[in-house]
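Below is model_1.pdb, which holds PDB, C-alpha atoms and all ligand atoms.
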ATOM      1  CA  MET C 544     116.178  34.805 214.916
ATOM      2  CA  SER C 545     119.268  32.590 214.800
ATOM      3  CA  ASP C 546     122.737  33.331 216.175
ATOM      4  CA  VAL C 547     124.534  33.381 212.861
ATOM      5  CA  THR C 548     123.849  33.137 209.128
ATOM      6  CA  MET C 549     126.208  31.329 206.781
ATOM      7  CA  ILE C 550     126.130  32.502 203.137
ATOM      8  CA  GLY C 551     127.940  30.033 200.875
ATOM      9  CA  LEU C 552     128.010  26.292 201.463
ATOM     10  CA  GLY C 553     130.931  25.139 199.370
ATOM     11  CA  GLU C 554     133.689  23.066 200.972
ATOM     12  CA  MET C 555     134.761  25.861 203.294
ATOM     13  CA  GLY C 556     131.372  27.472 204.008
ATOM     14  CA  SER C 557     129.942  24.068 204.965
ATOM     15  CA  ALA C 558     132.850  23.472 207.360
ATOM     16  CA  LEU C 559     132.265  26.905 208.936
ATOM     17  CA  GLY C 560     128.554  26.116 209.307
ATOM     18  CA  ARG C 561     129.329  22.757 210.947
ATOM     19  CA  ALA C 562     131.692  24.451 213.421
ATOM     20  CA  PHE C 563     129.005  26.960 214.450
ATOM     21  CA  LEU C 564     126.503  24.131 214.960
ATOM     22  CA  ALA C 565     129.077  22.075 216.901
ATOM     23  CA  GLY C 566     129.576  25.125 219.119
ATOM     24  CA  GLY C 567     125.883  25.118 220.002
ATOM     25  CA  LYS C 568     124.860  28.081 217.843
ATOM     26  CA  SER C 569     121.605  28.286 215.918
ATOM     27  CA  VAL C 570     122.496  28.705 212.245
ATOM     28  CA  THR C 571     120.600  29.940 209.185
ATOM     29  CA  VAL C 572     122.149  29.015 205.838
ATOM     30  CA  TRP C 573     121.823  30.126 202.235
ATOM     31  CA  ASN C 574     123.513  28.737 199.143
ATOM     32  CA  ARG C 575     122.949  29.493 195.447
ATOM     33  CA  THR C 576     122.514  25.761 194.848
ATOM     34  CA  PRO C 577     120.007  24.908 197.589
ATOM     35  CA  ALA C 578     120.752  21.156 197.589
ATOM     36  CA  LYS C 579     124.116  21.808 199.245
ATOM     37  CA  ALA C 580     122.264  22.933 202.389
ATOM     38  CA  ALA C 581     120.849  19.446 203.025
ATOM     39  CA  ALA C 582     123.788  18.124 205.065
ATOM     40  CA  LEU C 583     123.734  21.131 207.403
ATOM     41  CA  GLU C 584     119.937  21.006 207.672
ATOM     42  CA  ARG C 585     120.302  17.433 208.951
ATOM     43  CA  LEU C 586     122.597  18.836 211.670
ATOM     44  CA  GLY C 587     119.999  21.418 212.678
ATOM     45  CA  ALA C 588     120.605  24.421 210.439
ATOM     46  CA  VAL C 589     117.635  26.256 208.937
ATOM     47  CA  ARG C 590     117.768  26.994 205.198
ATOM     48  CA  ALA C 591     116.573  30.394 204.018
ATOM     49  CA  SER C 592     115.203  30.504 200.489
ATOM     50  CA  THR C 593     116.404  34.058 199.784
ATOM     51  CA  VAL C 594     119.560  35.992 200.611
ATOM     52  CA  ALA C 595     117.451  38.756 202.156
ATOM     53  CA  GLY C 596     115.722  36.231 204.407
ATOM     54  CA  ALA C 597     119.046  34.710 205.402
ATOM     55  CA  ILE C 598     120.584  38.074 206.298
ATOM     56  CA  ALA C 599     117.538  39.221 208.239
ATOM     57  CA  ALA C 600     117.577  35.978 210.276
ATOM     58  CA  SER C 601     120.757  36.688 212.321
ATOM     59  CA  PRO C 602     122.717  39.636 213.696
ATOM     60  CA  VAL C 603     125.967  38.165 212.304
ATOM     61  CA  VAL C 604     126.304  37.055 208.678
ATOM     62  CA  VAL C 605     129.397  35.127 207.578
ATOM     63  CA  ILE C 606     130.055  35.084 203.824
ATOM     64  CA  CYS C 607     132.291  32.435 202.241
ATOM     65  CA  LEU C 608     131.873  32.377 198.456
ATOM     66  CA  SER C 609     134.339  31.846 195.613
ATOM     67  CA  ASP C 610     135.368  35.495 195.431
ATOM     68  CA  TYR C 611     134.392  39.128 196.076
ATOM     69  CA  ALA C 612     132.430  39.404 192.811
ATOM     70  CA  ALA C 613     130.117  36.660 194.090
ATOM     71  CA  ALA C 614     129.886  38.303 197.539
ATOM     72  CA  SER C 615     129.143  41.698 196.006
ATOM     73  CA  GLY C 616     126.520  40.147 193.721
ATOM     74  CA  VAL C 617     124.798  38.464 196.661
ATOM     75  CA  LEU C 618     124.748  41.681 198.709
ATOM     76  CA  GLY C 619     123.400  43.493 195.641
ATOM     77  CA  GLU C 620     120.419  41.161 195.190
ATOM     78  CA  ASP C 621     116.896  42.593 195.362
ATOM     79  CA  GLY C 622     115.751  43.439 198.870
ATOM     80  CA  VAL C 623     119.137  42.736 200.493
ATOM     81  CA  ALA C 624     120.274  46.346 201.068
ATOM     82  CA  GLU C 625     117.151  46.958 203.200
ATOM     83  CA  THR C 626     118.086  44.059 205.527
ATOM     84  CA  LEU C 627     121.682  45.126 206.138
ATOM     85  CA  ASP C 628     121.163  48.058 208.510
ATOM     86  CA  GLY C 629     122.762  47.191 211.884
ATOM     87  CA  GLN C 630     123.888  43.722 210.778
ATOM     88  CA  LEU C 631     127.485  42.527 211.025
ATOM     89  CA  ILE C 632     128.956  41.113 207.818
ATOM     90  CA  VAL C 633     132.066  38.923 208.230
ATOM     91  CA  GLN C 634     133.465  38.389 204.734
ATOM     92  CA  LEU C 635     135.867  35.425 204.390
ATOM     93  CA  SER C 636     135.980  34.816 200.603
ATOM     94  CA  SER C 637     139.434  35.176 199.024
ATOM     95  CA  GLY C 638     140.542  38.128 196.903
ATOM     96  CA  THR C 639     142.633  41.291 196.972
ATOM     97  CA  PRO C 640     142.972  44.112 199.524
ATOM     98  CA  ASP C 641     141.261  46.558 197.131
ATOM     99  CA  GLN C 642     138.321  44.191 196.670
ATOM    100  CA  ALA C 643     137.930  44.053 200.467
ATOM    101  CA  ARG C 644     137.869  47.866 200.617
ATOM    102  CA  GLU C 645     135.226  48.011 197.875
ATOM    103  CA  LEU C 646     132.981  45.436 199.542
ATOM    104  CA  LYS C 647     133.263  47.189 202.897
ATOM    105  CA  ALA C 648     132.090  50.412 201.208
ATOM    106  CA  GLN C 649     129.127  48.537 199.688
ATOM    107  CA  ALA C 650     128.119  46.993 203.044
ATOM    108  CA  VAL C 651     128.631  50.159 205.073
ATOM    109  CA  SER C 652     126.580  52.219 202.603
ATOM    110  CA  SER C 653     123.589  50.088 203.663
ATOM    111  CA  GLY C 654     124.304  50.576 207.370
ATOM    112  CA  ALA C 655     126.081  47.265 208.065
ATOM    113  CA  ASN C 656     129.196  46.766 210.150
ATOM    114  CA  TYR C 657     131.939  44.960 208.258
ATOM    115  CA  LEU C 658     134.839  42.700 209.203
ATOM    116  CA  ASP C 659     137.069  41.056 206.623
ATOM    117  CA  GLY C 660     138.989  37.868 207.191
ATOM    118  CA  ALA C 661     141.347  35.281 205.788
ATOM    119  CA  ILE C 662     141.199  31.590 206.557
ATOM    120  CA  GLY C 663     144.438  29.668 207.054
ATOM    121  CA  ALA C 664     143.133  26.105 207.234
ATOM    122  CA  TRP C 665     141.717  23.217 205.295
ATOM    123  CA  PRO C 666     137.999  22.609 205.827
ATOM    124  CA  ARG C 667     138.831  19.507 207.937
ATOM    125  CA  GLN C 668     140.766  21.740 210.382
ATOM    126  CA  ILE C 669     138.001  24.330 210.877
ATOM    127  CA  GLY C 670     136.930  24.483 214.532
ATOM    128  CA  GLY C 671     140.183  22.908 215.704
ATOM    129  CA  PRO C 672     143.441  24.199 217.163
ATOM    130  CA  GLU C 673     145.362  24.098 213.840
ATOM    131  CA  ALA C 674     142.916  26.418 212.056
ATOM    132  CA  GLY C 675     144.031  30.026 211.577
ATOM    133  CA  LEU C 676     141.659  32.942 211.003
ATOM    134  CA  LEU C 677     142.886  36.516 210.603
ATOM    135  CA  ILE C 678     140.288  39.245 211.089
ATOM    136  CA  VAL C 679     140.507  42.977 210.351
ATOM    137  CA  GLY C 680     138.147  45.871 210.948
ATOM    138  CA  ASN C 681     136.924  47.953 213.852
ATOM    139  CA  GLU C 682     138.392  46.529 217.082
ATOM    140  CA  ASP C 683     135.200  46.940 219.148
ATOM    141  CA  VAL C 684     133.171  45.229 216.434
ATOM    142  CA  PHE C 685     135.712  42.394 216.401
ATOM    143  CA  ALA C 686     135.514  42.106 220.212
ATOM    144  CA  SER C 687     131.743  41.715 219.989
ATOM    145  CA  ALA C 688     132.078  38.904 217.427
ATOM    146  CA  GLU C 689     135.157  37.230 218.943
ATOM    147  CA  PRO C 690     133.401  34.506 221.004
ATOM    148  CA  LEU C 691     131.432  33.444 217.920
ATOM    149  CA  LEU C 692     134.427  33.524 215.559
ATOM    150  CA  LYS C 693     136.554  31.604 218.082
ATOM    151  CA  LEU C 694     134.337  28.592 217.307
ATOM    152  CA  LEU C 695     135.837  28.549 213.808
ATOM    153  CA  ALA C 696     139.533  28.576 214.570
ATOM    154  CA  GLY C 697     141.797  28.021 217.571
ATOM    155  CA  GLY C 698     144.202  30.423 215.883
ATOM    156  CA  LEU C 699     141.814  33.399 215.663
ATOM    157  CA  SER C 700     143.772  36.676 215.495
ATOM    158  CA  TYR C 701     142.743  40.301 215.182
ATOM    159  CA  VAL C 702     145.314  41.964 212.891
ATOM    160  CA  GLY C 703     144.240  45.595 212.851
ATOM    161  CA  SER C 704     141.754  48.069 211.489
ATOM    162  CA  ASN C 705     143.054  48.344 207.896
ATOM    163  CA  ILE C 706     140.324  46.487 206.028
ATOM    164  CA  GLY C 707     142.710  45.357 203.259
ATOM    165  CA  HIS C 708     145.215  43.715 205.564
ATOM    166  CA  ALA C 709     143.585  40.281 206.004
ATOM    167  CA  LYS C 710     143.843  39.784 202.248
ATOM    168  CA  ALA C 711     147.369  41.248 202.210
ATOM    169  CA  PHE C 712     148.383  38.636 204.826
ATOM    170  CA  SER C 713     146.594  35.821 202.992
ATOM    171  CA  ASN C 714     148.210  36.671 199.654
ATOM    172  CA  ALA C 715     151.610  36.990 201.362
ATOM    173  CA  GLY C 716     151.010  33.592 202.967
ATOM    174  CA  LEU C 717     149.934  32.154 199.632
ATOM    175  CA  ALA C 718     153.262  33.237 198.120
ATOM    176  CA  TYR C 719     154.914  31.095 200.784
ATOM    177  CA  PHE C 720     152.545  28.163 200.333
ATOM    178  CA  ALA C 721     152.806  28.199 196.533
ATOM    179  CA  ALA C 722     156.517  27.435 196.928
ATOM    180  CA  HIS C 723     155.704  24.966 199.750
ATOM    181  CA  TRP C 724     153.308  22.906 197.590
ATOM    182  CA  ILE C 725     155.579  22.888 194.540
ATOM    183  CA  GLY C 726     158.697  22.301 196.625
ATOM    184  CA  PHE C 727     157.180  19.440 198.609
ATOM    185  CA  SER C 728     155.894  17.770 195.443
ATOM    186  CA  HIS C 729     159.312  18.087 193.804
ATOM    187  CA  GLY C 730     160.951  16.637 196.923
ATOM    188  CA  ALA C 731     158.477  13.748 196.916
ATOM    189  CA  ALA C 732     159.361  13.077 193.253
ATOM    190  CA  ILE C 733     163.040  12.867 194.251
ATOM    191  CA  CYS C 734     162.134  10.451 197.064
ATOM    192  CA  GLU C 735     160.013   8.261 194.772
ATOM    193  CA  ALA C 736     162.797   8.123 192.178
ATOM    194  CA  GLU C 737     165.212   7.060 194.940
ATOM    195  CA  GLY C 738     162.787   4.433 196.293
ATOM    196  CA  ILE C 739     161.806   6.409 199.433
ATOM    197  CA  ASP C 740     158.136   6.411 200.455
ATOM    198  CA  ALA C 741     156.576   9.905 200.071
ATOM    199  CA  GLY C 742     154.741   9.419 203.390
ATOM    200  CA  THR C 743     158.096   8.981 205.128
ATOM    201  CA  PHE C 744     159.295  12.194 203.457
ATOM    202  CA  GLY C 745     156.196  13.974 204.856
ATOM    203  CA  GLU C 746     157.003  12.733 208.364
ATOM    204  CA  VAL C 747     160.650  13.780 208.086
ATOM    205  CA  MET C 748     159.689  17.285 206.908
ATOM    206  CA  ALA C 749     156.971  17.658 209.574
ATOM    207  CA  GLY C 750     159.634  16.838 212.177
ATOM    208  CA  MET C 751     161.517  19.910 210.951
ATOM    209  CA  ALA C 752     158.517  22.222 211.515
ATOM    210  CA  PRO C 753     160.115  23.958 214.563
ATOM    211  CA  PHE C 754     163.120  24.858 212.379
ATOM    212  CA  PHE C 755     160.855  26.377 209.700
ATOM    213  CA  GLY C 756     158.923  28.367 212.314
ATOM    214  CA  GLU C 757     162.089  29.768 213.861
ATOM    215  CA  ASP C 758     163.497  30.592 210.413
ATOM    216  CA  MET C 759     160.378  32.525 209.385
ATOM    217  CA  ARG C 760     160.633  34.663 212.528
ATOM    218  CA  HIS C 761     164.345  35.194 211.853
ATOM    219  CA  MET C 762     163.772  36.172 208.192
ATOM    220  CA  GLY C 763     161.004  38.585 209.133
ATOM    221  CA  ARG C 764     163.209  40.314 211.695
ATOM    222  CA  VAL C 765     166.226  40.475 209.353
ATOM    223  CA  ILE C 766     164.145  42.065 206.582
ATOM    224  CA  ALA C 767     162.325  44.479 208.922
ATOM    225  CA  GLU C 768     165.631  45.607 210.444
ATOM    226  CA  ASP C 769     167.517  45.636 207.119
ATOM    227  CA  ARG C 770     170.462  43.636 208.515
ATOM    228  CA  PHE C 771     171.415  41.069 205.900
ATOM    229  CA  GLY C 772     175.161  41.219 206.531
ATOM    230  CA  ASP C 773     175.617  38.587 209.260
ATOM    231  CA  PRO C 774     174.653  35.339 207.494
ATOM    232  CA  GLU C 775     175.018  31.793 208.816
ATOM    233  CA  ALA C 776     174.566  30.578 205.214
ATOM    234  CA  THR C 777     175.078  32.932 202.294
ATOM    235  CA  ILE C 778     173.156  33.363 199.055
ATOM    236  CA  LYS C 779     176.350  32.191 197.302
ATOM    237  CA  THR C 780     176.365  28.889 199.252
ATOM    238  CA  ILE C 781     172.670  28.233 198.705
ATOM    239  CA  THR C 782     172.980  29.079 194.978
ATOM    240  CA  SER C 783     175.594  26.357 194.751
ATOM    241  CA  ASP C 784     173.362  23.915 196.741
ATOM    242  CA  ILE C 785     170.447  24.568 194.374
ATOM    243  CA  GLY C 786     172.815  23.803 191.491
ATOM    244  CA  TRP C 787     173.196  20.302 193.026
ATOM    245  CA  LEU C 788     169.416  20.047 193.282
ATOM    246  CA  VAL C 789     169.103  20.798 189.547
ATOM    247  CA  GLU C 790     171.827  18.264 188.703
ATOM    248  CA  SER C 791     170.370  15.570 190.962
ATOM    249  CA  SER C 792     166.876  16.113 189.518
ATOM    250  CA  ARG C 793     168.278  15.738 185.984
ATOM    251  CA  ASP C 794     170.102  12.549 187.003
ATOM    252  CA  LEU C 795     166.803  11.138 188.305
ATOM    253  CA  LYS C 796     165.006  12.221 185.089
ATOM    254  CA  ILE C 797     162.391  14.257 186.933
ATOM    255  CA  GLY C 798     161.199  17.759 185.971
ATOM    256  CA  VAL C 799     163.667  20.567 186.639
ATOM    257  CA  GLU C 800     161.255  23.553 186.295
ATOM    258  CA  PHE C 801     161.068  24.346 189.989
ATOM    259  CA  PRO C 802     164.777  23.973 190.908
ATOM    260  CA  LYS C 803     165.753  25.975 187.783
ATOM    261  CA  PHE C 804     163.260  28.711 188.726
ATOM    262  CA  ALA C 805     164.669  28.813 192.281
ATOM    263  CA  ALA C 806     168.230  28.845 190.923
ATOM    264  CA  SER C 807     167.394  31.771 188.611
ATOM    265  CA  ILE C 808     166.249  33.955 191.517
ATOM    266  CA  PHE C 809     169.250  33.081 193.686
ATOM    267  CA  LEU C 810     171.568  33.770 190.716
ATOM    268  CA  ARG C 811     169.910  37.169 190.152
ATOM    269  CA  ALA C 812     170.592  38.066 193.780
ATOM    270  CA  LYS C 813     174.188  36.825 193.578
ATOM    271  CA  ASP C 814     174.816  38.746 190.341
ATOM    272  CA  ALA C 815     173.310  41.874 191.932
ATOM    273  CA  GLY C 816     176.066  41.722 194.573
ATOM    274  CA  PHE C 817     174.204  40.077 197.463
ATOM    275  CA  GLY C 818     176.106  36.752 197.367
ATOM    276  CA  GLY C 819     177.648  37.296 200.816
ATOM    277  CA  GLU C 820     174.325  38.101 202.494
ATOM    278  CA  GLU C 821     171.476  36.259 204.247
ATOM    279  CA  PRO C 822     169.066  34.237 202.025
ATOM    280  CA  SER C 823     166.292  36.690 202.879
ATOM    281  CA  ALA C 824     168.271  39.339 200.948
ATOM    282  CA  LEU C 825     166.451  37.810 197.948
ATOM    283  CA  ILE C 826     163.793  40.384 198.780
ATOM    284  CA  LYS C 827     166.089  43.024 197.315
ATOM    285  CA  VAL C 828     165.658  41.579 193.812
ATOM    286  CA  LEU C 829     161.972  40.686 194.342
ATOM    287  CA  ARG C 830     160.750  44.094 195.564
ATOM    288  CA  LYS C 831     160.602  45.580 192.078
ATOM    289  CA  ALA C 832     158.840  44.076 189.024
TER     290      ALA C 832
HETATM  291  P1  LIG E 901     133.745  25.972 196.664
HETATM  292  O1  LIG E 901     133.596  24.650 197.326
HETATM  293  O2  LIG E 901     134.049  26.005 195.218
HETATM  294  O3  LIG E 901     132.429  26.816 196.962
HETATM  295  C1  LIG E 901     132.187  28.044 196.316
HETATM  296  C2  LIG E 901     130.936  28.668 196.893
HETATM  297  O4  LIG E 901     130.721  29.929 196.251
HETATM  298  C3  LIG E 901     129.668  27.823 196.654
HETATM  299  O5  LIG E 901     128.812  28.009 197.754
HETATM  300  C4  LIG E 901     129.115  28.470 195.386
HETATM  301  O6  LIG E 901     127.729  28.272 195.227
HETATM  302  C5  LIG E 901     129.386  29.919 195.703
HETATM  303  N1  LIG E 901     129.350  30.804 194.555
HETATM  304  C6  LIG E 901     130.246  30.912 193.552
HETATM  305  N2  LIG E 901     129.888  31.876 192.689
HETATM  306  C7  LIG E 901     128.721  32.390 193.152
HETATM  307  C8  LIG E 901     127.867  33.422 192.708
HETATM  308  N3  LIG E 901     128.127  34.132 191.592
HETATM  309  N4  LIG E 901     126.768  33.699 193.440
HETATM  310  C9  LIG E 901     126.487  32.995 194.570
HETATM  311  N5  LIG E 901     127.262  31.997 195.054
HETATM  312  C10 LIG E 901     128.367  31.711 194.352
HETATM  313  O7  LIG E 901     134.915  26.841 197.349
HETATM  314  P2  LIG E 901     135.425  26.760 198.870
HETATM  315  O8  LIG E 901     136.571  25.793 198.934
HETATM  316  O9  LIG E 901     134.276  26.635 199.774
HETATM  317  O10 LIG E 901     136.070  28.203 199.010
HETATM  318  C11 LIG E 901     135.287  29.337 199.337
HETATM  319  C12 LIG E 901     136.243  30.472 199.694
HETATM  320  O11 LIG E 901     137.050  30.070 200.800
HETATM  321  C13 LIG E 901     137.184  30.813 198.528
HETATM  322  O12 LIG E 901     137.356  32.200 198.453
HETATM  323  C14 LIG E 901     138.467  30.130 198.942
HETATM  324  O13 LIG E 901     139.622  30.749 198.412
HETATM  325  C15 LIG E 901     138.398  30.271 200.470
HETATM  326  N6  LIG E 901     139.252  29.278 201.141
HETATM  327  C16 LIG E 901     139.061  27.957 200.897
HETATM  328  C17 LIG E 901     139.880  27.029 201.522
HETATM  329  C18 LIG E 901     139.711  25.539 201.260
HETATM  330  O14 LIG E 901     140.542  24.777 201.726
HETATM  331  N7  LIG E 901     138.658  25.092 200.587
HETATM  332  C19 LIG E 901     140.905  27.455 202.390
HETATM  333  C20 LIG E 901     141.043  28.821 202.639
HETATM  334  C21 LIG E 901     140.218  29.725 202.004
HETATM  335  P3  LIG E 901     127.176  26.970 194.452
HETATM  336  O15 LIG E 901     127.206  25.848 195.466
HETATM  337  O16 LIG E 901     125.822  27.358 194.039
HETATM  338  O17 LIG E 901     128.103  26.726 193.292
END
Translate this structure into structure tokens?
Amino acid sequence: MSDVTMIGLGEMGSALGRAFLAGGKSVTVWNRTPAKAAALERLGAVRASTVAGAIAASPVVVICLSDYAAASGVLGEDGVAETLDGQLIVQLSSGTPDQARELKAQAVSSGANYLDGAIGAWPRQIGGPEAGLLIVGNEDVFASAEPLLKLLAGGLSYVGSNIGHAKAFSNAGLAYFAAHWIGFSHGAAICEAEGIDAGTFGEVMAGMAPFFGEDMRHMGRVIAEDRFGDPEATIKTITSDIGWLVESSRDLKIGVEFPKFAASIFLRAKDAGFGGEEPSALIKVLRKA
């Protein structure tokens, strides 16, 4: 027996496997393409040649594949259902809340315990203090796995028993990060066009991280308490500022897709009568399709 089995050795699964090994755990691994196990085998992992063998090798099985279809396919392979009774499956592949509910039903029908999770980290951050890992499922089951999962992420958090909520949080976070990646890249294009080094821009923005953190807490509270009427900057003011962003981007002859998209949402909110409210009042035009 080993302490933990890692199913899936892509970029993320390999990082998870390395973190378990670095934490002194014995690790069994399985990957559809066996060659990807070689690096972890050199670090001491044992490669199983079948999924059933991999699952039977450890009481805790962490799955990190491309998506839930792949995870469901792996758990549906010949001989696997018979090995699941009493095992703990920790499923970390990305997907939707409904897919998490369906996979839990599949695992539980074979007698397994099931936790679902969402990773908030790059592979290079796994095992370190910056890595986030949200886990949902039965609280006692989480408590039993917590010391093991803590090896993966300094920011390990249990976020409740609703099995869909890890994926709800990760998709909500992805909405934020989609704008972050596009917005940062657009900002870097402005800097380049003005002769400013993009690395310097990264440092300047990172220095503002405490402001972003405080603002996210503020926005969350304002939305939860439905009190948009006491703004320090209004939707009207920011709509005008984004107009300057569009104009400046045009002047620099860089793409205007992102600033125009942002302007269109702010304008919708202004036209809907929320111009004098907090920027987070944008949610009022985003709630409905
Ligand atoms: P990846 O490098 O593309 O690896 C994908 C893994 O899934 C490989 O092990 C691949 O096996 C396996 N796979 C795909 N389809 C399969 C199937 N039908 N049957 C069996 N195995 C299958 O992806 P990754 O970056 O490791 O990401 C894995 C998961 O972590 C994704 O859900 C991703 O969204 C999530 N995630 C990744 C990051 C990141 O920074 N990379 C961050 C947060 C979350 P083969 O080697 O045989 O192709």
Report task. Find the distance between CA of Asp814 in chain C and CA of Arg770 in chain C and write it in Å to one decimal. Result ->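 Atom-to-atom, CA of Asp814 in chain C and CA of Arg770 in chain C are spaced 19.3 Å apart.
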Would you name the residues within 10 Å of ligand LIG 901 (chain E), counting only C-alpha atoms and all ligand atoms, and put them as number ranges by chain? C: 549-559, 573-580, 594, 606-618, 620, 634-638, 660-669, 674-676, 713, 717
Separating CA of Leu583 in chain C from CA of Gly622 in chain C, to the nearest tenth of an Å, is a gap of 25.2 Å
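For the atom pair formed by CA of Ser792 in chain C and CA of Ala736 in chain C, the distance is 9.4 Å, given to one decimal.
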> In terms of the shortest atom-to-atom distance over only C-alpha atoms, which of C:Gly786, C:Glu768, C:Glu820, C:Gly596 is closest to Phe804 in chain C?
Replying inline: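 Smallest separation from Phe804 in chain C among the options: C:Gly786.
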Among C:Asn681, C:Thr548, C:Thr639, C:Ser728, Gly742 in chain C is approached most closely, using only C-alpha atoms, by C:Ser728
Practice task
Quick one: apply the PyMOL selection byres (((chain C and resi 672) around 8) and not hetatm) to the file and drop the selected residues here as a list in words.
Solution key: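 When the PyMOL selection byres (((chain C and resi 672) around 8) and not hetatm) is applied to the shown file, the picked residues are Gln668, Gly670, Gly671, Glu673, Ala674, Ala696, Gly697 and Gly698 of chain C.
Minimum distance to Lys813 in chain C across C:Ile778, C:Val789, C:Asp773, C:Pro640 (counting only C-alpha atoms) occurs at C:Ile778.
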Exercise for the section: Pull the neighbourhood of (167.4, 34.4, 212.5) for me: all residues within 12 Å in file coordinates, counting all atoms listed in the file, as an NGL selection string. Expected result: :C and (754-768 or 770-776 or 821-823)
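Proximity to range 795-798 of chain C at 10 Å, evaluated using all atoms listed in the file and with sequence-adjacent residues fewer than 5 positions away removed, yields His729, Ala732, Ile733, Cys734, Glu735, Ala736, Glu737, Val789, Glu790 and Lys803 of chain C.
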> Near Asp546 in chain C, within 6 Å and counting all atoms listed in the file, which residues show up once chain neighbours fewer than 6 positions away are dropped, as a list in words?
Replying inline: Lys568, Ser569 and Ser601 of chain C
Just so the selection is clear, what residues does the PyMOL selection byres (((chain C and resi 782) around 10) and not hetatm) cover here, as a compact mmCIF listing (two decimals) with C-alpha atoms, in the coordinates of the input?
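Saved result, part19.txt, follows:
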# COMPACT_ATOMS: atom_id res chain seq x y z
CA THR C 777 175.08 32.93 202.29
CA ILE C 778 173.16 33.36 199.06
CA LYS C 779 176.35 32.19 197.30
CA THR C 780 176.36 28.89 199.25
CA ILE C 781 172.67 28.23 198.70
CA SER C 783 175.59 26.36 194.75
CA ASP C 784 173.36 23.92 196.74
CA ILE C 785 170.45 24.57 194.37
CA GLY C 786 172.82 23.80 191.49
CA TRP C 787 173.20 20.30 193.03
CA LEU C 788 169.42 20.05 193.28
CA ALA C 805 164.67 28.81 192.28
CA ALA C 806 168.23 28.84 190.92
CA SER C 807 167.39 31.77 188.61
CA ILE C 808 166.25 33.96 191.52
CA PHE C 809 169.25 33.08 193.69
CA LEU C 810 171.57 33.77 190.72
CA ARG C 811 169.91 37.17 190.15
CA ALA C 812 170.59 38.07 193.78
CA LYS C 813 174.19 36.83 193.58
CA GLY C 818 176.11 36.75 197.37
CA PRO C 822 169.07 34.24 202.02
task = Could you tell me which residues the PyMOL selection byres (((chain C and resi 685) around 12) and not hetatm) returns for this structure, as a PyMOL selection string?
result = chain C and resi 603+631-633+656-660+677-684+686-693+699-704
Can I get the selected residues back with C-alpha atoms, as a PDB file, in the frame of the given file?
ATOM      1  CA  VAL C 603     125.967  38.165 212.304  1.00  0.00           C
ATOM      2  CA  LEU C 631     127.485  42.527 211.025  1.00  0.00           C
ATOM      3  CA  ILE C 632     128.956  41.113 207.818  1.00  0.00           C
ATOM      4  CA  VAL C 633     132.066  38.923 208.230  1.00  0.00           C
ATOM      5  CA  ASN C 656     129.196  46.766 210.150  1.00  0.00           C
ATOM      6  CA  TYR C 657     131.939  44.960 208.258  1.00  0.00           C
ATOM      7  CA  LEU C 658     134.839  42.700 209.203  1.00  0.00           C
ATOM      8  CA  ASP C 659     137.069  41.056 206.623  1.00  0.00           C
ATOM      9  CA  GLY C 660     138.989  37.868 207.191  1.00  0.00           C
ATOM     10  CA  LEU C 677     142.886  36.516 210.603  1.00  0.00           C
ATOM     11  CA  ILE C 678     140.288  39.245 211.089  1.00  0.00           C
ATOM     12  CA  VAL C 679     140.507  42.977 210.351  1.00  0.00           C
ATOM     13  CA  GLY C 680     138.147  45.871 210.948  1.00  0.00           C
ATOM     14  CA  ASN C 681     136.924  47.953 213.852  1.00  0.00           C
ATOM     15  CA  GLU C 682     138.392  46.529 217.082  1.00  0.00           C
ATOM     16  CA  ASP C 683     135.200  46.940 219.148  1.00  0.00           C
ATOM     17  CA  VAL C 684     133.171  45.229 216.434  1.00  0.00           C
ATOM     18  CA  ALA C 686     135.514  42.106 220.212  1.00  0.00           C
ATOM     19  CA  SER C 687     131.743  41.715 219.989  1.00  0.00           C
ATOM     20  CA  ALA C 688     132.078  38.904 217.427  1.00  0.00           C
ATOM     21  CA  GLU C 689     135.157  37.230 218.943  1.00  0.00           C
ATOM     22  CA  PRO C 690     133.401  34.506 221.004  1.00  0.00           C
ATOM     23  CA  LEU C 691     131.432  33.444 217.920  1.00  0.00           C
ATOM     24  CA  LEU C 692     134.427  33.524 215.559  1.00  0.00           C
ATOM     25  CA  LYS C 693     136.554  31.604 218.082  1.00  0.00           C
ATOM     26  CA  LEU C 699     141.814  33.399 215.663  1.00  0.00           C
ATOM     27  CA  SER C 700     143.772  36.676 215.495  1.00  0.00           C
ATOM     28  CA  TYR C 701     142.743  40.301 215.182  1.00  0.00           C
ATOM     29  CA  VAL C 702     145.314  41.964 212.891  1.00  0.00           C
ATOM     30  CA  GLY C 703     144.240  45.595 212.851  1.00  0.00           C
ATOM     31  CA  SER C 704     141.754  48.069 211.489  1.00  0.00           C
TER      32      SER C 704
END
In terms of all atoms listed in the file, the residue from C:Val747, C:Ala824, C:Ile706, C:Val605 at minimal distance from Ala648 in chain C is C:Ile706
